[in-house]
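**Q** Data file start02.pdb (PDB, C-alpha atoms) is appended below.
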```pdb
MODEL        1
ATOM      1  CA  MET K   1     -18.410  27.963  11.607  1.00  0.00           C
ATOM      2  CA  SER K   2     -17.777  29.218  15.136  1.00  0.00           C
ATOM      3  CA  ARG K   3     -14.865  28.179  17.283  1.00  0.00           C
ATOM      4  CA  GLU K   4     -17.368  26.337  19.503  1.00  0.00           C
ATOM      5  CA  THR K   5     -18.294  23.996  16.656  1.00  0.00           C
ATOM      6  CA  ALA K   6     -14.701  23.758  15.433  1.00  0.00           C
ATOM      7  CA  LEU K   7     -13.336  22.313  18.669  1.00  0.00           C
ATOM      8  CA  PRO K   8     -15.656  19.275  18.833  1.00  0.00           C
ATOM      9  CA  GLU K   9     -14.860  18.555  15.161  1.00  0.00           C
ATOM     10  CA  LEU K  10     -11.137  18.808  15.940  1.00  0.00           C
ATOM     11  CA  ARG K  11     -11.574  16.343  18.807  1.00  0.00           C
ATOM     12  CA  GLN K  12     -13.455  13.948  16.525  1.00  0.00           C
ATOM     13  CA  LEU K  13     -10.772  14.126  13.857  1.00  0.00           C
ATOM     14  CA  ARG K  14      -8.056  13.496  16.432  1.00  0.00           C
ATOM     15  CA  SER K  15      -9.964  10.488  17.706  1.00  0.00           C
ATOM     16  CA  SER K  16     -10.047   9.110  14.134  1.00  0.00           C
ATOM     17  CA  ILE K  17      -6.316   9.834  13.723  1.00  0.00           C
ATOM     18  CA  ASP K  18      -5.620   7.951  16.962  1.00  0.00           C
ATOM     19  CA  ASN K  19      -7.659   4.963  15.764  1.00  0.00           C
ATOM     20  CA  ILE K  20      -5.848   4.928  12.436  1.00  0.00           C
ATOM     21  CA  ASP K  21      -2.479   5.159  14.211  1.00  0.00           C
ATOM     22  CA  ALA K  22      -3.336   2.142  16.358  1.00  0.00           C
ATOM     23  CA  ALA K  23      -4.281   0.190  13.215  1.00  0.00           C
ATOM     24  CA  LEU K  24      -1.004   1.272  11.566  1.00  0.00           C
ATOM     25  CA  VAL K  25       1.050   0.099  14.561  1.00  0.00           C
ATOM     26  CA  TYR K  26      -0.607  -3.319  14.588  1.00  0.00           C
ATOM     27  CA  LEU K  27      -0.225  -3.719  10.819  1.00  0.00           C
ATOM     28  CA  LEU K  28       3.434  -2.696  10.965  1.00  0.00           C
ATOM     29  CA  SER K  29       4.041  -5.239  13.704  1.00  0.00           C
ATOM     30  CA  GLU K  30       2.453  -7.939  11.521  1.00  0.00           C
ATOM     31  CA  ARG K  31       4.562  -6.816   8.541  1.00  0.00           C
ATOM     32  CA  PHE K  32       7.782  -7.118  10.576  1.00  0.00           C
ATOM     33  CA  LYS K  33       6.750 -10.639  11.633  1.00  0.00           C
ATOM     34  CA  CYS K  34       6.606 -11.531   7.921  1.00  0.00           C
ATOM     35  CA  THR K  35       9.940  -9.903   7.057  1.00  0.00           C
ATOM     36  CA  LYS K  36      11.582 -11.548  10.072  1.00  0.00           C
ATOM     37  CA  ARG K  37      10.496 -14.945   8.761  1.00  0.00           C
ATOM     38  CA  VAL K  38      11.655 -13.949   5.239  1.00  0.00           C
ATOM     39  CA  GLY K  39      15.066 -13.061   6.702  1.00  0.00           C
ATOM     40  CA  ALA K  40      15.299 -16.398   8.515  1.00  0.00           C
ATOM     41  CA  LEU K  41      14.278 -18.359   5.398  1.00  0.00           C
ATOM     42  CA  LYS K  42      16.825 -16.528   3.255  1.00  0.00           C
ATOM     43  CA  ALA K  43      19.617 -17.106   5.776  1.00  0.00           C
ATOM     44  CA  GLU K  44      18.699 -20.785   6.136  1.00  0.00           C
ATOM     45  CA  HIS K  45      18.774 -21.383   2.363  1.00  0.00           C
ATOM     46  CA  ASP K  46      21.599 -19.070   1.366  1.00  0.00           C
ATOM     47  CA  LEU K  47      19.244 -16.923  -0.660  1.00  0.00           C
ATOM     48  CA  PRO K  48      20.483 -13.385  -1.372  1.00  0.00           C
ATOM     49  CA  ALA K  49      19.476 -10.958   1.404  1.00  0.00           C
ATOM     50  CA  SER K  50      18.353  -8.233  -0.989  1.00  0.00           C
ATOM     51  CA  ASP K  51      16.292  -8.699  -4.139  1.00  0.00           C
ATOM     52  CA  PRO K  52      16.371  -5.545  -6.277  1.00  0.00           C
ATOM     53  CA  ALA K  53      13.811  -6.930  -8.778  1.00  0.00           C
ATOM     54  CA  ARG K  54      11.286  -7.615  -6.000  1.00  0.00           C
ATOM     55  CA  GLU K  55      11.929  -4.178  -4.503  1.00  0.00           C
ATOM     56  CA  LYS K  56      11.364  -2.491  -7.871  1.00  0.00           C
ATOM     57  CA  GLU K  57       8.054  -4.352  -8.247  1.00  0.00           C
ATOM     58  CA  GLN K  58       6.986  -3.353  -4.722  1.00  0.00           C
ATOM     59  CA  ILE K  59       7.689   0.323  -5.418  1.00  0.00           C
ATOM     60  CA  ALA K  60       5.791   0.288  -8.723  1.00  0.00           C
ATOM     61  CA  ARG K  61       2.821  -1.506  -7.133  1.00  0.00           C
ATOM     62  CA  LEU K  62       2.717   0.817  -4.146  1.00  0.00           C
ATOM     63  CA  ARG K  63       2.827   3.902  -6.361  1.00  0.00           C
ATOM     64  CA  THR K  64      -0.190   2.594  -8.306  1.00  0.00           C
ATOM     65  CA  LEU K  65      -2.062   1.775  -5.088  1.00  0.00           C
ATOM     66  CA  ALA K  66      -1.228   5.225  -3.709  1.00  0.00           C
ATOM     67  CA  HIS K  67      -2.571   6.848  -6.846  1.00  0.00           C
ATOM     68  CA  ASP K  68      -5.836   4.867  -6.522  1.00  0.00           C
ATOM     69  CA  ALA K  69      -6.069   5.750  -2.810  1.00  0.00           C
ATOM     70  CA  ASP K  70      -5.504   9.468  -3.509  1.00  0.00           C
ATOM     71  CA  LEU K  71      -2.165   9.406  -1.688  1.00  0.00           C
ATOM     72  CA  ASP K  72       0.965  11.092  -3.087  1.00  0.00           C
ATOM     73  CA  PRO K  73       2.916   8.298  -4.901  1.00  0.00           C
ATOM     74  CA  GLU K  74       6.184  10.033  -3.954  1.00  0.00           C
ATOM     75  CA  PHE K  75       5.217   9.761  -0.310  1.00  0.00           C
ATOM     76  CA  ALA K  76       4.241   6.087  -0.726  1.00  0.00           C
ATOM     77  CA  GLU K  77       7.685   5.382  -2.173  1.00  0.00           C
ATOM     78  CA  LYS K  78       9.416   7.297   0.650  1.00  0.00           C
ATOM     79  CA  PHE K  79       7.289   5.342   3.121  1.00  0.00           C
ATOM     80  CA  LEU K  80       8.304   1.971   1.651  1.00  0.00           C
ATOM     81  CA  THR K  81      11.965   3.011   1.700  1.00  0.00           C
ATOM     82  CA  PHE K  82      11.567   4.032   5.355  1.00  0.00           C
ATOM     83  CA  ILE K  83      10.120   0.601   6.221  1.00  0.00           C
ATOM     84  CA  ILE K  84      12.705  -1.335   4.190  1.00  0.00           C
ATOM     85  CA  THR K  85      15.515   0.555   5.963  1.00  0.00           C
ATOM     86  CA  GLU K  86      14.097  -0.710   9.257  1.00  0.00           C
ATOM     87  CA  VAL K  87      13.795  -4.263   7.873  1.00  0.00           C
ATOM     88  CA  ILE K  88      17.479  -4.189   6.845  1.00  0.00           C
ATOM     89  CA  ARG K  89      18.382  -2.942  10.339  1.00  0.00           C
ATOM     90  CA  HIS K  90      16.493  -5.925  11.805  1.00  0.00           C
ATOM     91  CA  HIS K  91      18.348  -8.346   9.503  1.00  0.00           C
ATOM     92  CA  ILE K  92      21.733  -6.892  10.496  1.00  0.00           C
ATOM     93  CA  GLU K  93      20.808  -7.072  14.197  1.00  0.00           C
ATOM     94  CA  ALA K  94      19.602 -10.689  13.778  1.00  0.00           C
ATOM     95  CA  LYS K  95      22.908 -11.662  12.134  1.00  0.00           C
ATOM     96  CA  SER K  96      25.027 -10.080  14.858  1.00  0.00           C
ATOM     97  CA  ALA K  97      22.842 -11.518  17.667  1.00  0.00           C
TER
ATOM     98  CA  MET B   1      13.606 -27.676   5.190  1.00  0.00           C
ATOM     99  CA  SER B   2      14.613 -27.966   1.537  1.00  0.00           C
ATOM    100  CA  ARG B   3      14.920 -25.040  -0.823  1.00  0.00           C
ATOM    101  CA  GLU B   4      11.852 -26.430  -2.666  1.00  0.00           C
ATOM    102  CA  THR B   5       9.679 -25.903   0.421  1.00  0.00           C
ATOM    103  CA  ALA B   6      11.360 -22.584   1.261  1.00  0.00           C
ATOM    104  CA  LEU B   7      10.428 -20.891  -2.025  1.00  0.00           C
ATOM    105  CA  PRO B   8       6.637 -21.395  -1.751  1.00  0.00           C
ATOM    106  CA  GLU B   9       6.788 -20.133   1.848  1.00  0.00           C
ATOM    107  CA  LEU B  10       8.741 -17.089   0.666  1.00  0.00           C
ATOM    108  CA  ARG B  11       6.094 -16.413  -1.988  1.00  0.00           C
ATOM    109  CA  GLN B  12       3.337 -16.729   0.622  1.00  0.00           C
ATOM    110  CA  LEU B  13       5.076 -14.318   2.992  1.00  0.00           C
ATOM    111  CA  ARG B  14       5.587 -11.817   0.183  1.00  0.00           C
ATOM    112  CA  SER B  15       1.919 -12.061  -0.702  1.00  0.00           C
ATOM    113  CA  SER B  16       1.039 -11.228   2.934  1.00  0.00           C
ATOM    114  CA  ILE B  17       3.528  -8.333   2.919  1.00  0.00           C
ATOM    115  CA  ASP B  18       1.887  -6.993  -0.268  1.00  0.00           C
ATOM    116  CA  ASN B  19      -1.572  -7.217   1.322  1.00  0.00           C
ATOM    117  CA  ILE B  20      -0.366  -5.419   4.443  1.00  0.00           C
ATOM    118  CA  ASP B  21       1.275  -2.715   2.322  1.00  0.00           C
ATOM    119  CA  ALA B  22      -1.985  -2.106   0.459  1.00  0.00           C
ATOM    120  CA  ALA B  23      -3.809  -1.756   3.796  1.00  0.00           C
ATOM    121  CA  LEU B  24      -1.106   0.650   5.031  1.00  0.00           C
ATOM    122  CA  VAL B  25      -1.448   2.823   1.911  1.00  0.00           C
ATOM    123  CA  TYR B  26      -5.221   3.085   2.275  1.00  0.00           C
ATOM    124  CA  LEU B  27      -4.973   3.841   5.995  1.00  0.00           C
ATOM    125  CA  LEU B  28      -2.322   6.500   5.405  1.00  0.00           C
ATOM    126  CA  SER B  29      -4.529   8.111   2.778  1.00  0.00           C
ATOM    127  CA  GLU B  30      -7.396   8.192   5.279  1.00  0.00           C
ATOM    128  CA  ARG B  31      -5.086   9.644   7.939  1.00  0.00           C
ATOM    129  CA  PHE B  32      -4.001  12.466   5.603  1.00  0.00           C
ATOM    130  CA  LYS B  33      -7.672  13.239   4.871  1.00  0.00           C
ATOM    131  CA  CYS B  34      -8.118  13.790   8.630  1.00  0.00           C
ATOM    132  CA  THR B  35      -4.989  15.917   9.033  1.00  0.00           C
ATOM    133  CA  LYS B  36      -5.940  17.969   5.963  1.00  0.00           C
ATOM    134  CA  ARG B  37      -9.269  18.783   7.598  1.00  0.00           C
ATOM    135  CA  VAL B  38      -7.486  19.516  10.909  1.00  0.00           C
ATOM    136  CA  GLY B  39      -5.202  21.943   9.051  1.00  0.00           C
ATOM    137  CA  ALA B  40      -8.175  23.689   7.435  1.00  0.00           C
ATOM    138  CA  LEU B  41     -10.039  23.953  10.758  1.00  0.00           C
ATOM    139  CA  LYS B  42      -6.996  25.385  12.491  1.00  0.00           C
ATOM    140  CA  ALA B  43      -6.399  27.923   9.736  1.00  0.00           C
ATOM    141  CA  GLU B  44     -10.068  28.930   9.705  1.00  0.00           C
ATOM    142  CA  HIS B  45     -10.170  29.515  13.466  1.00  0.00           C
ATOM    143  CA  ASP B  46      -6.683  30.877  14.023  1.00  0.00           C
ATOM    144  CA  LEU B  47      -5.756  27.903  16.160  1.00  0.00           C
ATOM    145  CA  PRO B  48      -2.016  27.275  16.514  1.00  0.00           C
ATOM    146  CA  ALA B  49      -0.680  25.033  13.716  1.00  0.00           C
ATOM    147  CA  SER B  50       1.384  22.875  16.042  1.00  0.00           C
ATOM    148  CA  ASP B  51       0.313  21.501  19.398  1.00  0.00           C
ATOM    149  CA  PRO B  52       3.310  20.140  21.345  1.00  0.00           C
ATOM    150  CA  ALA B  53       1.126  18.748  24.172  1.00  0.00           C
ATOM    151  CA  ARG B  54      -0.998  16.753  21.724  1.00  0.00           C
ATOM    152  CA  GLU B  55       2.140  15.521  19.957  1.00  0.00           C
ATOM    153  CA  LYS B  56       3.692  14.390  23.233  1.00  0.00           C
ATOM    154  CA  GLU B  57       0.498  12.473  24.071  1.00  0.00           C
ATOM    155  CA  GLN B  58       0.489  10.843  20.632  1.00  0.00           C
ATOM    156  CA  ILE B  59       4.083   9.685  21.029  1.00  0.00           C
ATOM    157  CA  ALA B  60       3.468   8.249  24.519  1.00  0.00           C
ATOM    158  CA  ARG B  61       0.300   6.462  23.355  1.00  0.00           C
ATOM    159  CA  LEU B  62       1.975   5.052  20.240  1.00  0.00           C
ATOM    160  CA  ARG B  63       4.930   3.764  22.255  1.00  0.00           C
ATOM    161  CA  THR B  64       2.537   1.909  24.593  1.00  0.00           C
ATOM    162  CA  LEU B  65       0.581   0.507  21.643  1.00  0.00           C
ATOM    163  CA  ALA B  66       3.833  -0.551  19.961  1.00  0.00           C
ATOM    164  CA  HIS B  67       4.920  -2.326  23.121  1.00  0.00           C
ATOM    165  CA  ASP B  68       1.580  -4.197  23.250  1.00  0.00           C
ATOM    166  CA  ALA B  69       1.845  -5.075  19.547  1.00  0.00           C
ATOM    167  CA  ASP B  70       5.413  -6.371  19.954  1.00  0.00           C
ATOM    168  CA  LEU B  71       6.782  -3.557  17.807  1.00  0.00           C
ATOM    169  CA  ASP B  72       9.917  -1.591  18.745  1.00  0.00           C
ATOM    170  CA  PRO B  73       8.633   1.584  20.521  1.00  0.00           C
ATOM    171  CA  GLU B  74      11.638   3.503  19.132  1.00  0.00           C
ATOM    172  CA  PHE B  75      10.532   2.579  15.636  1.00  0.00           C
ATOM    173  CA  ALA B  76       6.922   3.575  16.383  1.00  0.00           C
ATOM    174  CA  GLU B  77       8.131   6.990  17.493  1.00  0.00           C
ATOM    175  CA  LYS B  78      10.349   7.372  14.388  1.00  0.00           C
ATOM    176  CA  PHE B  79       7.350   6.344  12.292  1.00  0.00           C
ATOM    177  CA  LEU B  80       5.077   8.983  13.846  1.00  0.00           C
ATOM    178  CA  THR B  81       7.758  11.640  13.341  1.00  0.00           C
ATOM    179  CA  PHE B  82       8.063  10.560   9.698  1.00  0.00           C
ATOM    180  CA  ILE B  83       4.290  10.949   9.205  1.00  0.00           C
ATOM    181  CA  ILE B  84       4.090  14.268  11.061  1.00  0.00           C
ATOM    182  CA  THR B  85       6.910  15.660   8.889  1.00  0.00           C
ATOM    183  CA  GLU B  86       4.762  14.863   5.844  1.00  0.00           C
ATOM    184  CA  VAL B  87       1.691  16.439   7.475  1.00  0.00           C
ATOM    185  CA  ILE B  88       3.661  19.647   8.090  1.00  0.00           C
ATOM    186  CA  ARG B  89       4.812  19.599   4.437  1.00  0.00           C
ATOM    187  CA  HIS B  90       1.140  19.352   3.384  1.00  0.00           C
ATOM    188  CA  HIS B  91       0.195  22.289   5.609  1.00  0.00           C
ATOM    189  CA  ILE B  92       2.989  24.443   4.185  1.00  0.00           C
ATOM    190  CA  GLU B  93       1.974  23.519   0.629  1.00  0.00           C
ATOM    191  CA  ALA B  94      -1.686  24.274   1.395  1.00  0.00           C
ATOM    192  CA  LYS B  95      -0.744  27.713   2.740  1.00  0.00           C
ATOM    193  CA  SER B  96       1.354  28.596  -0.318  1.00  0.00           C
ATOM    194  CA  ALA B  97      -1.241  27.226  -2.779  1.00  0.00           C
TER
ENDMDL
END
```
Would you mind writing the file out in structure tokens?

**A**
Amino acid sequence: MSRETALPELRQLRSSIDNIDAALVYLLSERFKCTKRVGALKAEHDLPASDPAREKEQIARLRTLAHDADLDPEFAEKFLTFIITEVIRHHIEAKSA
Amino acid sequence: MSRETALPELRQLRSSIDNIDAALVYLLSERFKCTKRVGALKAEHDLPASDPAREKEQIARLRTLAHDADLDPEFAEKFLTFIITEVIRHHIEAKSA
């Protein structure tokens, strides 16, 4: 393949990456809406803020999904941890607000 | 709201979170398919592996999208950096394979 055909393909791929990124941003926003409500419910009813059993289930489920989707399960777990860290930061900020 | 009404709502929210997480996993897998092909194209045509101008554009675009989606732009930027770090890891692994 010549460089002349490579560049349009690169542009096409980048356009797909940009579309996927937009979808990811909107989904993440929706996810944080859910966790915000979870945080409020837990605070209102004196439910424990963290739930290690639920978290363990989420990790196991996500690893299976990742495997089925041909995504590295290690990465899927790192990704969930990254998101949960942000959720905890939101909860702490909400408490101190 | 009583604890009896809070628990079903919590279950519902968790079910939505699980659905969103599945969508995120499948989208991430699709995104890595694109970046894998980008990596191969770049290697094949001796194009530079990193493209700071493109990355800067991606960050600016994602921050705007995050703002529109009511997501913290700082988080959106951290998220993109997290993903790009994984993409670079893939490229390094592909080169040493």

**Q** Report as JSON lines: every residue of chain B with an atom at most 7 Å from chain K, its closest pair of atoms, and their distance in Å to one decimal, counting all atoms listed in the file, with rows sorted by chain and ascending residue number.

**A**
```
{"residue": "B:Arg3", "atom": "CA", "partner": "K:His45", "partner_atom": "CA", "distance": 6.2}
{"residue": "B:Ala6", "atom": "CA", "partner": "K:Leu41", "partner_atom": "CA", "distance": 6.6}
{"residue": "B:Leu10", "atom": "CA", "partner": "K:Val38", "partner_atom": "CA", "distance": 6.3}
{"residue": "B:Leu13", "atom": "CA", "partner": "K:Cys34", "partner_atom": "CA", "distance": 5.9}
{"residue": "B:Ile17", "atom": "CA", "partner": "K:Arg31", "partner_atom": "CA", "distance": 5.9}
{"residue": "B:Ile20", "atom": "CA", "partner": "K:Arg31", "partner_atom": "CA", "distance": 6.6}
{"residue": "B:Ala22", "atom": "CA", "partner": "K:Leu65", "partner_atom": "CA", "distance": 6.8}
{"residue": "B:Leu24", "atom": "CA", "partner": "K:Leu24", "partner_atom": "CA", "distance": 6.6}
{"residue": "B:Val25", "atom": "CA", "partner": "K:Ala66", "partner_atom": "CA", "distance": 6.1}
{"residue": "B:Tyr26", "atom": "CA", "partner": "K:Ala69", "partner_atom": "CA", "distance": 5.8}
{"residue": "B:Leu27", "atom": "CA", "partner": "K:Ile20", "partner_atom": "CA", "distance": 6.6}
{"residue": "B:Ser29", "atom": "CA", "partner": "K:Leu71", "partner_atom": "CA", "distance": 5.2}
{"residue": "B:Arg31", "atom": "CA", "partner": "K:Ile17", "partner_atom": "CA", "distance": 5.9}
{"residue": "B:Cys34", "atom": "CA", "partner": "K:Leu13", "partner_atom": "CA", "distance": 5.9}
{"residue": "B:Val38", "atom": "CA", "partner": "K:Leu10", "partner_atom": "CA", "distance": 6.3}
{"residue": "B:Leu41", "atom": "CA", "partner": "K:Ala6", "partner_atom": "CA", "distance": 6.6}
{"residue": "B:His45", "atom": "CA", "partner": "K:Arg3", "partner_atom": "CA", "distance": 6.2}
{"residue": "B:Leu65", "atom": "CA", "partner": "K:Ala22", "partner_atom": "CA", "distance": 6.8}
{"residue": "B:Ala66", "atom": "CA", "partner": "K:Val25", "partner_atom": "CA", "distance": 6.1}
{"residue": "B:Ala69", "atom": "CA", "partner": "K:Tyr26", "partner_atom": "CA", "distance": 5.8}
{"residue": "B:Asp70", "atom": "CA", "partner": "K:Ser29", "partner_atom": "CA", "distance": 6.5}
{"residue": "B:Leu71", "atom": "CA", "partner": "K:Ser29", "partner_atom": "CA", "distance": 5.2}
```

**Q** Using all C-alpha atoms paired in order, least-squares fit chain K onto chain B and give me the moved copy as a JSON list (two decimals) with C-alpha atoms, in the coordinates of the input.

**A**
```
[["chain", "number", "residue", "atom", "x", "y", "z"],
["K", 1, "MET", "CA", 13.60, -27.64, 5.18],
["K", 2, "SER", "CA", 14.62, -27.93, 1.53],
["K", 3, "ARG", "CA", 14.91, -25.02, -0.84],
["K", 4, "GLU", "CA", 11.86, -26.42, -2.67],
["K", 5, "THR", "CA", 9.68, -25.89, 0.40],
["K", 6, "ALA", "CA", 11.35, -22.59, 1.25],
["K", 7, "LEU", "CA", 10.42, -20.89, -2.02],
["K", 8, "PRO", "CA", 6.64, -21.41, -1.75],
["K", 9, "GLU", "CA", 6.79, -20.14, 1.85],
["K", 10, "LEU", "CA", 8.73, -17.08, 0.67],
["K", 11, "ARG", "CA", 6.08, -16.42, -1.98],
["K", 12, "GLN", "CA", 3.33, -16.73, 0.63],
["K", 13, "LEU", "CA", 5.07, -14.33, 2.99],
["K", 14, "ARG", "CA", 5.57, -11.82, 0.19],
["K", 15, "SER", "CA", 1.90, -12.07, -0.69],
["K", 16, "SER", "CA", 1.04, -11.24, 2.95],
["K", 17, "ILE", "CA", 3.53, -8.33, 2.92],
["K", 18, "ASP", "CA", 1.89, -7.00, -0.26],
["K", 19, "ASN", "CA", -1.57, -7.22, 1.33],
["K", 20, "ILE", "CA", -0.37, -5.43, 4.45],
["K", 21, "ASP", "CA", 1.28, -2.73, 2.32],
["K", 22, "ALA", "CA", -1.98, -2.11, 0.46],
["K", 23, "ALA", "CA", -3.80, -1.78, 3.80],
["K", 24, "LEU", "CA", -1.09, 0.63, 5.02],
["K", 25, "VAL", "CA", -1.43, 2.81, 1.91],
["K", 26, "TYR", "CA", -5.20, 3.06, 2.26],
["K", 27, "LEU", "CA", -4.97, 3.82, 5.99],
["K", 28, "LEU", "CA", -2.32, 6.48, 5.40],
["K", 29, "SER", "CA", -4.52, 8.09, 2.77],
["K", 30, "GLU", "CA", -7.40, 8.18, 5.27],
["K", 31, "ARG", "CA", -5.09, 9.64, 7.94],
["K", 32, "PHE", "CA", -4.00, 12.46, 5.60],
["K", 33, "LYS", "CA", -7.67, 13.23, 4.87],
["K", 34, "CYS", "CA", -8.12, 13.78, 8.63],
["K", 35, "THR", "CA", -5.00, 15.92, 9.03],
["K", 36, "LYS", "CA", -5.94, 17.97, 5.97],
["K", 37, "ARG", "CA", -9.28, 18.78, 7.59],
["K", 38, "VAL", "CA", -7.48, 19.52, 10.91],
["K", 39, "GLY", "CA", -5.21, 21.95, 9.04],
["K", 40, "ALA", "CA", -8.18, 23.68, 7.42],
["K", 41, "LEU", "CA", -10.05, 23.96, 10.74],
["K", 42, "LYS", "CA", -7.00, 25.39, 12.49],
["K", 43, "ALA", "CA", -6.41, 27.95, 9.73],
["K", 44, "GLU", "CA", -10.08, 28.94, 9.69],
["K", 45, "HIS", "CA", -10.17, 29.54, 13.47],
["K", 46, "ASP", "CA", -6.69, 30.91, 14.02],
["K", 47, "LEU", "CA", -5.75, 27.93, 16.15],
["K", 48, "PRO", "CA", -2.01, 27.30, 16.51],
["K", 49, "ALA", "CA", -0.68, 25.06, 13.71],
["K", 50, "SER", "CA", 1.39, 22.89, 16.03],
["K", 51, "ASP", "CA", 0.31, 21.52, 19.41],
["K", 52, "PRO", "CA", 3.31, 20.17, 21.33],
["K", 53, "ALA", "CA", 1.13, 18.78, 24.16],
["K", 54, "ARG", "CA", -0.99, 16.76, 21.71],
["K", 55, "GLU", "CA", 2.15, 15.53, 19.95],
["K", 56, "LYS", "CA", 3.69, 14.41, 23.25],
["K", 57, "GLU", "CA", 0.51, 12.48, 24.08],
["K", 58, "GLN", "CA", 0.49, 10.85, 20.63],
["K", 59, "ILE", "CA", 4.09, 9.69, 21.03],
["K", 60, "ALA", "CA", 3.49, 8.26, 24.51],
["K", 61, "ARG", "CA", 0.32, 6.47, 23.35],
["K", 62, "LEU", "CA", 1.97, 5.05, 20.26],
["K", 63, "ARG", "CA", 4.93, 3.76, 22.25],
["K", 64, "THR", "CA", 2.54, 1.91, 24.58],
["K", 65, "LEU", "CA", 0.58, 0.49, 21.63],
["K", 66, "ALA", "CA", 3.83, -0.57, 19.97],
["K", 67, "HIS", "CA", 4.92, -2.35, 23.12],
["K", 68, "ASP", "CA", 1.58, -4.22, 23.27],
["K", 69, "ALA", "CA", 1.84, -5.09, 19.55],
["K", 70, "ASP", "CA", 5.41, -6.39, 19.96],
["K", 71, "LEU", "CA", 6.79, -3.58, 17.80],
["K", 72, "ASP", "CA", 9.92, -1.61, 18.76],
["K", 73, "PRO", "CA", 8.64, 1.58, 20.53],
["K", 74, "GLU", "CA", 11.63, 3.50, 19.14],
["K", 75, "PHE", "CA", 10.54, 2.57, 15.64],
["K", 76, "ALA", "CA", 6.92, 3.56, 16.38],
["K", 77, "GLU", "CA", 8.14, 6.99, 17.50],
["K", 78, "LYS", "CA", 10.34, 7.37, 14.39],
["K", 79, "PHE", "CA", 7.35, 6.34, 12.29],
["K", 80, "LEU", "CA", 5.08, 8.97, 13.84],
["K", 81, "THR", "CA", 7.75, 11.63, 13.35],
["K", 82, "PHE", "CA", 8.06, 10.56, 9.70],
["K", 83, "ILE", "CA", 4.29, 10.94, 9.20],
["K", 84, "ILE", "CA", 4.08, 14.27, 11.06],
["K", 85, "THR", "CA", 6.90, 15.66, 8.89],
["K", 86, "GLU", "CA", 4.77, 14.85, 5.85],
["K", 87, "VAL", "CA", 1.68, 16.43, 7.47],
["K", 88, "ILE", "CA", 3.65, 19.65, 8.10],
["K", 89, "ARG", "CA", 4.80, 19.61, 4.46],
["K", 90, "HIS", "CA", 1.14, 19.35, 3.39],
["K", 91, "HIS", "CA", 0.18, 22.29, 5.63],
["K", 92, "ILE", "CA", 2.99, 24.45, 4.20],
["K", 93, "GLU", "CA", 1.99, 23.51, 0.63],
["K", 94, "ALA", "CA", -1.69, 24.28, 1.40],
["K", 95, "LYS", "CA", -0.75, 27.73, 2.74],
["K", 96, "SER", "CA", 1.36, 28.62, -0.28],
["K", 97, "ALA", "CA", -1.24, 27.26, -2.75]]
```

**Q** Using CA of Ala60 in chain B and CA of Glu74 in chain B as the two end points, give the distance in Å to one decimal.

**A**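 We find that CA of Ala60 in chain B and CA of Glu74 in chain B lie 10.9 Å from each other.
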
**Q** Between CA of Glu77 in chain B and CA of Ile59 in chain B, what is the spacing in Å?

**A**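 Pair CA of Ile59 in chain B / CA of Glu77 in chain B returns 6.0 Å.
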
**Q** Mind working out the centre and edge lengths of an axis-aligned box for range 74-81 of chain K, all listed atoms inside, 4 Å added to each side, rounded to one decimal in Å and written as AutoDock Vina command-line options?

**A**
```
--center_x 8.1 --center_y 6.0 --center_z -0.4 --size_x 15.7 --size_y 16.1 --size_z 15.1
```

**Q** Can you patch up range 54-64 of chain B, filling it in to N, CA and C atoms, and show the result as a short mmCIF file (atom, residue, chain, number, x, y, z; two decimals), in the coordinates of the input?

**A**
```
data_model
loop_
_atom_site.label_atom_id
_atom_site.label_comp_id
_atom_site.auth_asym_id
_atom_site.auth_seq_id
_atom_site.Cartn_x
_atom_site.Cartn_y
_atom_site.Cartn_z
N ARG B 54 -0.32 17.83 22.46
CA ARG B 54 -1.00 16.75 21.72
C ARG B 54 0.05 15.79 21.13
N GLU B 55 1.11 16.35 20.58
CA GLU B 55 2.14 15.52 19.96
C GLU B 55 2.82 14.61 20.99
N LYS B 56 3.06 15.17 22.16
CA LYS B 56 3.69 14.39 23.23
C LYS B 56 2.79 13.22 23.64
N GLU B 57 1.48 13.52 23.75
CA GLU B 57 0.50 12.47 24.07
C GLU B 57 0.49 11.38 23.01
N GLN B 58 0.53 11.81 21.74
CA GLN B 58 0.49 10.84 20.63
C GLN B 58 1.69 9.91 20.69
N ILE B 59 2.85 10.49 20.96
CA ILE B 59 4.08 9.68 21.03
C ILE B 59 3.99 8.67 22.17
N ALA B 60 3.56 9.15 23.36
CA ALA B 60 3.47 8.25 24.52
C ALA B 60 2.48 7.11 24.24
N ARG B 61 1.33 7.46 23.65
CA ARG B 61 0.30 6.46 23.36
C ARG B 61 0.81 5.44 22.34
N LEU B 62 1.48 5.95 21.29
CA LEU B 62 1.98 5.05 20.24
C LEU B 62 3.05 4.12 20.76
N ARG B 63 3.88 4.62 21.68
CA ARG B 63 4.93 3.76 22.26
C ARG B 63 4.30 2.63 23.07
N THR B 64 3.23 2.95 23.82
CA THR B 64 2.54 1.91 24.59
C THR B 64 1.89 0.89 23.66
#
```
